[in-house]
>>> print(open('upload_38.cif').read())   # mmCIF, C-alpha atoms
data_upload
#
loop_
_atom_site.label_atom_id
_atom_site.label_comp_id
_atom_site.auth_asym_id
_atom_site.auth_seq_id
_atom_site.Cartn_x
_atom_site.Cartn_y
_atom_site.Cartn_z
CA MET A 716 -10.22 -2.60 -3.25
CA GLY A 717 -10.68 -3.58 0.37
CA MET A 718 -8.61 -5.73 2.62
CA ASN A 719 -8.06 -9.39 1.78
CA THR A 720 -9.77 -10.95 4.80
CA ARG A 721 -7.88 -14.17 5.48
CA GLY A 722 -9.35 -15.11 8.83
CA GLY A 723 -10.46 -12.98 11.75
CA GLY A 724 -9.53 -12.37 15.34
CA ALA A 725 -6.22 -11.46 16.93
CA SER A 726 -3.09 -12.14 14.93
CA ASN A 727 0.37 -10.66 14.60
CA LYS A 728 -0.25 -10.26 10.87
CA THR A 729 -2.60 -7.49 9.78
CA TYR A 730 -3.96 -7.20 6.24
CA LEU A 731 -4.92 -3.81 4.87
CA GLY A 732 -6.26 -2.64 1.54
CA VAL A 733 -7.23 0.50 -0.32
CA TYR A 734 -10.77 1.86 -0.36
CA ALA A 735 -11.68 5.40 -1.48
CA ASN A 736 -7.94 6.26 -1.54
CA GLN A 737 -7.58 5.34 2.15
CA LEU A 738 -5.82 2.52 3.96
CA VAL A 739 -8.43 0.31 5.57
CA LEU A 740 -8.86 -2.79 7.67
CA GLU A 741 -11.86 -4.59 6.17
CA TYR A 742 -13.78 -7.66 7.33
CA ALA A 743 -16.93 -9.40 6.20
CA LYS A 744 -18.07 -9.81 9.84
CA LYS A 745 -18.22 -6.87 12.20
CA GLU A 746 -17.33 -8.99 15.22
CA ASP A 747 -14.09 -10.13 13.54
CA LEU A 748 -13.10 -6.54 12.90
CA GLU A 749 -13.98 -5.60 16.49
CA LYS A 750 -11.64 -8.35 17.75
CA LYS A 751 -8.84 -7.13 15.53
CA LEU A 752 -9.30 -3.51 16.64
CA GLU A 753 -9.33 -4.59 20.27
CA TYR A 754 -6.04 -6.40 19.67
CA LEU A 755 -4.56 -3.27 18.03
CA GLY A 756 -5.94 -0.94 20.71
CA TYR A 757 -8.40 0.96 18.50
CA ASP A 758 -11.92 2.23 19.11
CA PRO A 759 -14.50 -0.11 17.49
CA GLU A 760 -17.02 2.74 17.56
CA LYS A 761 -15.26 4.12 14.46
CA ILE A 762 -16.11 1.11 12.33
CA GLU A 763 -17.82 2.02 9.06
CA GLN A 764 -19.66 -0.13 6.57
CA ARG A 765 -20.21 -0.24 2.83
CA LYS A 766 -21.59 -2.52 0.14
CA LYS A 767 -19.38 -4.21 -2.43
CA VAL A 768 -20.08 -2.84 -5.88
CA LYS A 769 -18.48 -5.53 -8.05
CA GLY A 770 -17.35 -9.13 -8.10
CA LYS A 771 -19.14 -12.30 -7.08
CA ASN A 772 -20.02 -10.76 -3.69
CA GLU A 773 -21.52 -7.60 -5.17
CA GLY A 774 -24.12 -6.08 -2.85
CA GLU A 775 -22.76 -7.69 0.31
CA THR A 776 -22.09 -5.47 3.33
CA VAL A 777 -18.52 -5.28 4.63
CA PHE A 778 -17.10 -3.45 7.64
CA TYR A 779 -13.97 -1.32 7.60
CA PHE A 780 -11.77 0.93 9.72
CA VAL A 781 -9.60 3.71 8.28
CA VAL A 782 -5.89 3.70 9.14
CA TYR A 783 -3.65 6.73 8.56
CA ASP A 784 -0.27 5.05 8.14
CA VAL A 785 1.90 2.00 8.83
CA GLU A 786 5.52 2.00 9.93
CA GLY A 787 8.17 -0.71 9.71
CA LEU A 788 10.77 -2.32 7.47
CA LEU A 789 9.66 -3.25 3.97
CA THR A 790 10.42 -6.97 4.12
CA ASN A 791 8.71 -8.25 0.98
CA ILE A 792 6.85 -7.26 -2.16
CA THR A 793 4.74 -9.82 -4.00
CA ILE A 794 2.62 -9.78 -7.14
CA ARG A 795 -0.34 -12.00 -6.35
CA GLU A 796 -2.59 -13.41 -9.03
CA THR A 797 -6.31 -12.84 -8.36
CA ASP A 798 -9.56 -13.03 -10.31
CA PHE A 799 -9.33 -9.25 -10.73
CA GLY A 800 -5.74 -9.11 -12.02
CA ASP A 801 -2.23 -9.17 -10.56
CA PHE A 802 -2.24 -7.39 -7.19
CA VAL A 803 0.76 -5.71 -5.57
CA GLU A 804 1.20 -6.59 -1.89
CA LEU A 805 3.68 -4.91 0.45
CA GLU A 806 4.82 -6.55 3.69
CA PHE A 807 6.03 -4.28 6.49
CA THR A 808 7.61 -5.75 9.63
CA ASP A 809 7.85 -3.99 12.99
CA VAL A 810 9.52 -6.25 15.58
CA ASP A 811 7.13 -9.25 15.64
CA GLU A 812 4.20 -7.53 13.90
CA LYS A 813 3.60 -7.74 10.16
CA PHE A 814 1.36 -5.47 8.09
CA VAL A 815 0.46 -6.59 4.57
CA ILE A 816 -0.96 -3.87 2.32
CA SER A 817 -2.68 -4.71 -0.95
CA LEU A 818 -2.36 -1.74 -3.31
CA GLY A 819 -4.69 -3.33 -5.84
CA ASP A 820 -3.98 -4.15 -9.46
CA VAL A 821 -0.38 -3.66 -10.54
CA PHE A 822 -1.58 -1.05 -13.06
CA SER A 823 -3.74 0.87 -10.59
CA ARG A 824 -2.89 4.46 -9.72
CA MET A 825 -1.62 3.49 -6.26
CA SER A 826 0.58 0.67 -7.52
CA LYS A 827 2.11 2.74 -10.30
CA ASP A 828 2.80 5.61 -7.91
CA PHE A 829 4.58 3.18 -5.57
CA ILE A 830 6.64 1.70 -8.41
CA ARG A 831 7.80 5.17 -9.43
CA ARG A 832 9.22 5.74 -5.90
CA VAL A 833 10.52 2.28 -5.04
CA GLY A 834 13.98 2.88 -6.53
CA ASN A 835 14.71 5.50 -3.87
CA LEU A 836 13.92 3.26 -0.90
CA ASP A 837 16.57 2.19 1.61
CA LEU A 838 15.43 -1.28 2.68
CA SER A 839 17.61 -1.18 5.80
CA THR A 840 15.61 1.79 7.16
CA GLU A 841 12.06 1.85 8.48
CA ILE A 842 9.40 3.36 6.26
CA ASN A 843 6.36 5.38 7.27
CA PHE A 844 3.81 4.44 4.62
CA GLY A 845 0.44 6.03 3.85
CA LEU A 846 -1.74 7.34 1.03
CA TRP A 847 -2.57 10.83 -0.18
CA ASP A 848 -5.61 12.18 -1.98
CA MET A 849 -6.33 15.70 -3.20
CA GLU A 850 -8.27 17.77 -5.69
CA THR A 851 -6.38 20.32 -7.80
CA ASP A 852 -7.53 23.87 -8.46
CA ASP A 853 -8.97 22.83 -11.82
CA GLY A 854 -11.11 20.13 -10.19
CA LYS A 855 -8.96 17.12 -11.08
CA LYS A 856 -8.53 14.41 -8.43
CA ARG A 857 -5.07 13.02 -7.75
CA SER A 858 -3.92 10.32 -5.38
CA GLY A 859 -0.92 8.14 -4.64
CA VAL A 860 1.35 6.76 -1.93
CA LYS A 861 3.50 8.71 0.50
CA MET A 862 6.58 7.28 2.13
CA TYR A 863 9.02 8.78 4.64
CA GLN A 864 12.39 7.53 5.86
CA ASN A 865 14.22 9.38 8.63
CA ASP A 866 11.52 12.08 8.37
CA GLU A 867 12.45 12.69 4.73
CA LYS A 868 9.95 12.19 1.94
CA VAL A 869 10.79 9.41 -0.52
CA GLU A 870 10.70 11.19 -3.87
CA TYR A 871 10.10 9.70 -7.30
CA SER A 872 12.97 7.67 -8.72
CA LEU A 873 11.18 7.59 -12.07
CA THR A 874 9.89 10.83 -13.59
CA TYR A 875 7.57 10.93 -16.57
CA ASP A 876 10.63 11.76 -18.70
CA ASP A 877 12.16 8.42 -17.67
CA MET A 878 9.17 6.41 -18.89
CA PRO A 879 7.81 5.66 -22.37
CA GLU A 880 5.22 8.21 -23.41
CA PRO A 881 1.66 6.98 -23.96
CA SER A 882 0.56 6.86 -27.57
CA GLN A 883 -2.71 8.22 -28.88
CA THR A 884 -5.08 7.51 -31.71
CA LYS A 885 -7.73 9.89 -32.94
CA LYS A 886 -11.00 8.98 -34.58
CA GLY A 887 -13.01 12.06 -35.38
CA ARG A 888 -13.08 14.11 -32.22
CA THR A 889 -12.41 11.10 -30.01
CA VAL A 890 -8.85 10.66 -28.71
CA THR A 891 -7.84 7.31 -27.21
CA TRP A 892 -4.66 7.00 -25.13
CA ASN A 893 -2.65 3.78 -24.96
CA TYR A 894 -0.45 3.22 -21.89
CA ASP A 895 0.58 -0.36 -22.68
CA GLU A 896 4.26 0.40 -23.30
CA GLN A 897 4.52 2.59 -20.19
CA GLU A 898 2.79 0.01 -18.00
CA SER A 899 5.01 -2.79 -19.32
CA PHE A 900 8.03 -0.65 -18.44
CA LEU A 901 6.75 -0.09 -14.88
CA TYR A 902 5.96 -3.79 -14.47
CA GLU A 903 9.51 -4.67 -15.47
CA GLN A 904 10.88 -2.08 -13.04
CA LEU A 905 8.92 -3.64 -10.18
CA THR A 906 9.79 -7.26 -10.96
CA SER A 907 13.45 -6.29 -11.32
CA PHE A 908 13.42 -4.54 -7.93
CA ILE A 909 11.74 -7.55 -6.30
CA GLY A 910 14.27 -9.94 -7.83
CA ASP A 911 17.21 -7.82 -6.71
CA SER A 912 15.91 -7.04 -3.21
CA PHE A 913 14.00 -10.09 -1.96
CA LYS A 914 15.88 -13.16 -3.11
CA PRO A 915 14.22 -16.25 -1.54
CA SER A 916 17.52 -18.12 -1.26
CA ALA A 917 19.34 -15.33 0.58
CA PRO A 918 20.15 -16.44 4.18
CA LYS A 919 19.19 -14.03 6.94
CA GLU A 920 22.79 -13.31 7.84
CA GLU A 921 23.19 -11.55 4.49
CA LEU A 922 20.66 -8.96 5.61
CA PRO A 923 22.11 -7.60 8.88
CA ALA A 924 20.68 -4.11 8.45
CA LYS A 925 17.09 -5.38 8.50
CA GLU A 926 17.69 -7.66 11.46
CA ASP A 927 19.46 -4.94 13.46
CA VAL A 928 16.65 -2.41 13.08
CA ALA A 929 13.89 -4.85 13.90
CA SER A 930 15.59 -6.27 17.00
CA LYS A 931 16.85 -3.18 18.80
CA PRO A 932 16.47 -3.75 22.57
CA GLY A 933 13.59 -2.01 24.26
CA ARG A 934 11.52 -1.55 21.10
CA THR A 935 7.88 -2.57 21.10
CA PRO A 936 5.72 -3.00 18.01
CA ARG A 937 3.86 0.10 16.81
CA THR A 938 0.32 -0.26 15.58
CA PRO A 939 -0.77 1.75 12.54
CA ARG A 940 -2.11 5.22 13.36
CA ALA A 941 -5.85 5.58 12.98
CA SER A 942 -7.13 8.46 10.86
CA SER A 943 -8.22 10.33 13.98
CA GLU A 944 -4.58 10.38 15.10
CA ALA A 945 -3.29 11.72 11.79
CA LEU A 946 -0.59 14.34 11.61
CA PRO A 947 -1.16 17.35 9.32
CA LYS A 948 -0.79 16.39 5.67
CA ASP A 949 1.79 17.94 3.39
CA ASP A 950 0.62 20.79 1.19
CA LEU A 951 2.05 18.89 -1.78
CA PRO A 952 2.05 15.17 -0.84
CA PHE A 953 3.04 14.06 -4.32
#
>>> encode(input="upload_38.cif", output="structure tokens")
Amino acid sequence: MGMNTRGGGASNKTYLGVYANQLVLEYAKKEDLEKKLEYLGYDPEKIEQRKKVKGKNEGETVFYFVVYDVEGLLTNITIRETDFGDFVELEFTDVDEKFVISLGDVFSRMSKDFIRRVGNLDLSTEINFGLWDMETDDGKKRSGVKMYQNDEKVEYSLTYDDMPEPSQTKKGRTVTWNYDEQESFLYEQLTSFIGDSFKPSAPKEELPAKEDVASKPGRTPRTPRASSEALPKDDLPF
């Protein structure tokens, strides 16, 4: 799923999405993406294009730019209702810049991987957020989110042993797996974390840690690193 393009041009709020297991800036018009990249200080020559493969705009050409990571305080998580399901959106704040990342459907691989780590996050500390993608020795493809705080990897707070096991039914040689109970458990974990961490009625003075980090004197906003500026990936990013 690409970026939710809510207007073009320069803005202090940047929307990103997931395409081919990469973080991307995506716009319907190339000139709008060029303006945004100019604002962020990126090279518009690295713009790529693709055609949408589903939805009401199937077949339309869109333009995108790959971003390696985003860094800031996690200041909100929302579950947004769309025509394609309930989408998880993460809001990161760095001084006066905001980066909103849509991970896709709440039951997508990226969203579930994030939910399994969210319990180990320290919301008073900046997060370096990105995605990982790899192929195992037996040819299986794996992907998920990667998060670092104070240069330490944010590990899973929920292991597979902590979650309900999927059930299976067998008809002849065909085995069908059912993840409904596991996904309901993860959904409840996420909504509980959101309710405990981002209470709308909480006044700002109750959150001094977030305010202190974002307003340190002398700090300037950091733009997301483009893929060409990427640091070496971990051998085992998951």
>>> resolve_selection(input="upload_38.cif", expression="the PyMOL selection byres ((chain A and resi 905) around 12)", output="MDAnalysis selection string")
chainID A and resid 792:794 803:805 821:822 826:834 873 898:904 906:913
>>> atom_distance(input="upload_38.cif", atom1="atom CA of A:Ile762", atom2="atom CA of A:Glu741")
9.4 Å
>>> resolve_selection(input="upload_38.cif", expression="the PyMOL selection byres ((chain A and resi 734) around 10)", output="number ranges by chain")
A: 716-718, 731-733, 735-741, 779, 781, 818-819
>>> resolve_selection(input="upload_38.cif", expression="the PyMOL selection byres ((chain A and resi 758-761) around 12)", output="ChimeraX atom specification")
/A:739-740,745-757,762-764,778-782,940-944
>>> closest_residue(input="upload_38.cif", among="A:Leu838, A:Met825, A:Met862, A:Met878", to="A:Val785", atoms="only C-alpha atoms")
A:Met862
>>> closest_residue(input="upload_38.cif", among="A:Ser872, A:Asn727, A:Thr776, A:Ser817", to="A:Tyr742", atoms="all atoms listed in the file")
A:Thr776
>>> build_atoms(input="upload_38.cif", residues="stretch 867-882 of chain A", atoms="N, CA and C atoms", output="PDB file, keeping the file's coordinate frame")
ATOM      1  N   GLU A 867      12.280  12.113   6.059  1.00  0.00           N
ATOM      2  CA  GLU A 867      12.450  12.690   4.730  1.00  0.00           C
ATOM      3  C   GLU A 867      11.533  11.976   3.746  1.00  0.00           C
ATOM      4  N   LYS A 868      10.859  12.775   2.915  1.00  0.00           N
ATOM      5  CA  LYS A 868       9.950  12.190   1.940  1.00  0.00           C
ATOM      6  C   LYS A 868      10.717  11.397   0.884  1.00  0.00           C
ATOM      7  N   VAL A 869      10.209  10.212   0.546  1.00  0.00           N
ATOM      8  CA  VAL A 869      10.790   9.410  -0.520  1.00  0.00           C
ATOM      9  C   VAL A 869      10.251   9.951  -1.846  1.00  0.00           C
ATOM     10  N   GLU A 870      11.121  10.569  -2.623  1.00  0.00           N
ATOM     11  CA  GLU A 870      10.700  11.190  -3.870  1.00  0.00           C
ATOM     12  C   GLU A 870      10.658  10.159  -4.999  1.00  0.00           C
ATOM     13  N   TYR A 871      10.174  10.586  -6.151  1.00  0.00           N
ATOM     14  CA  TYR A 871      10.100   9.700  -7.300  1.00  0.00           C
ATOM     15  C   TYR A 871      11.501   9.363  -7.814  1.00  0.00           C
ATOM     16  N   SER A 872      11.735   8.089  -8.050  1.00  0.00           N
ATOM     17  CA  SER A 872      12.970   7.670  -8.720  1.00  0.00           C
ATOM     18  C   SER A 872      12.772   7.631 -10.226  1.00  0.00           C
ATOM     19  N   LEU A 873      11.520   7.580 -10.647  1.00  0.00           N
ATOM     20  CA  LEU A 873      11.180   7.590 -12.070  1.00  0.00           C
ATOM     21  C   LEU A 873      10.274   8.793 -12.342  1.00  0.00           C
ATOM     22  N   THR A 874      10.729   9.715 -13.155  1.00  0.00           N
ATOM     23  CA  THR A 874       9.890  10.830 -13.590  1.00  0.00           C
ATOM     24  C   THR A 874       9.183  10.424 -14.878  1.00  0.00           C
ATOM     25  N   TYR A 875       8.255  11.242 -15.315  1.00  0.00           N
ATOM     26  CA  TYR A 875       7.570  10.930 -16.570  1.00  0.00           C
ATOM     27  C   TYR A 875       8.550  10.942 -17.744  1.00  0.00           C
ATOM     28  N   ASP A 876       9.620  11.729 -17.634  1.00  0.00           N
ATOM     29  CA  ASP A 876      10.630  11.760 -18.700  1.00  0.00           C
ATOM     30  C   ASP A 876      11.404  10.456 -18.791  1.00  0.00           C
ATOM     31  N   ASP A 877      11.428   9.699 -17.684  1.00  0.00           N
ATOM     32  CA  ASP A 877      12.160   8.420 -17.670  1.00  0.00           C
ATOM     33  C   ASP A 877      11.346   7.281 -18.264  1.00  0.00           C
ATOM     34  N   MET A 878      10.056   7.486 -18.470  1.00  0.00           N
ATOM     35  CA  MET A 878       9.170   6.410 -18.890  1.00  0.00           C
ATOM     36  C   MET A 878       8.721   6.611 -20.334  1.00  0.00           C
ATOM     37  N   PRO A 879       8.361   5.519 -21.020  1.00  0.00           N
ATOM     38  CA  PRO A 879       7.810   5.660 -22.370  1.00  0.00           C
ATOM     39  C   PRO A 879       6.548   6.518 -22.352  1.00  0.00           C
ATOM     40  N   GLU A 880       6.414   7.367 -23.330  1.00  0.00           N
ATOM     41  CA  GLU A 880       5.220   8.210 -23.410  1.00  0.00           C
ATOM     42  C   GLU A 880       4.043   7.393 -23.931  1.00  0.00           C
ATOM     43  N   PRO A 881       2.838   7.667 -23.409  1.00  0.00           N
ATOM     44  CA  PRO A 881       1.660   6.980 -23.960  1.00  0.00           C
ATOM     45  C   PRO A 881       1.414   7.426 -25.398  1.00  0.00           C
ATOM     46  N   SER A 882       0.898   6.521 -26.196  1.00  0.00           N
ATOM     47  CA  SER A 882       0.560   6.860 -27.570  1.00  0.00           C
ATOM     48  C   SER A 882      -0.918   7.193 -27.658  1.00  0.00           C
TER      49      SER A 882
END
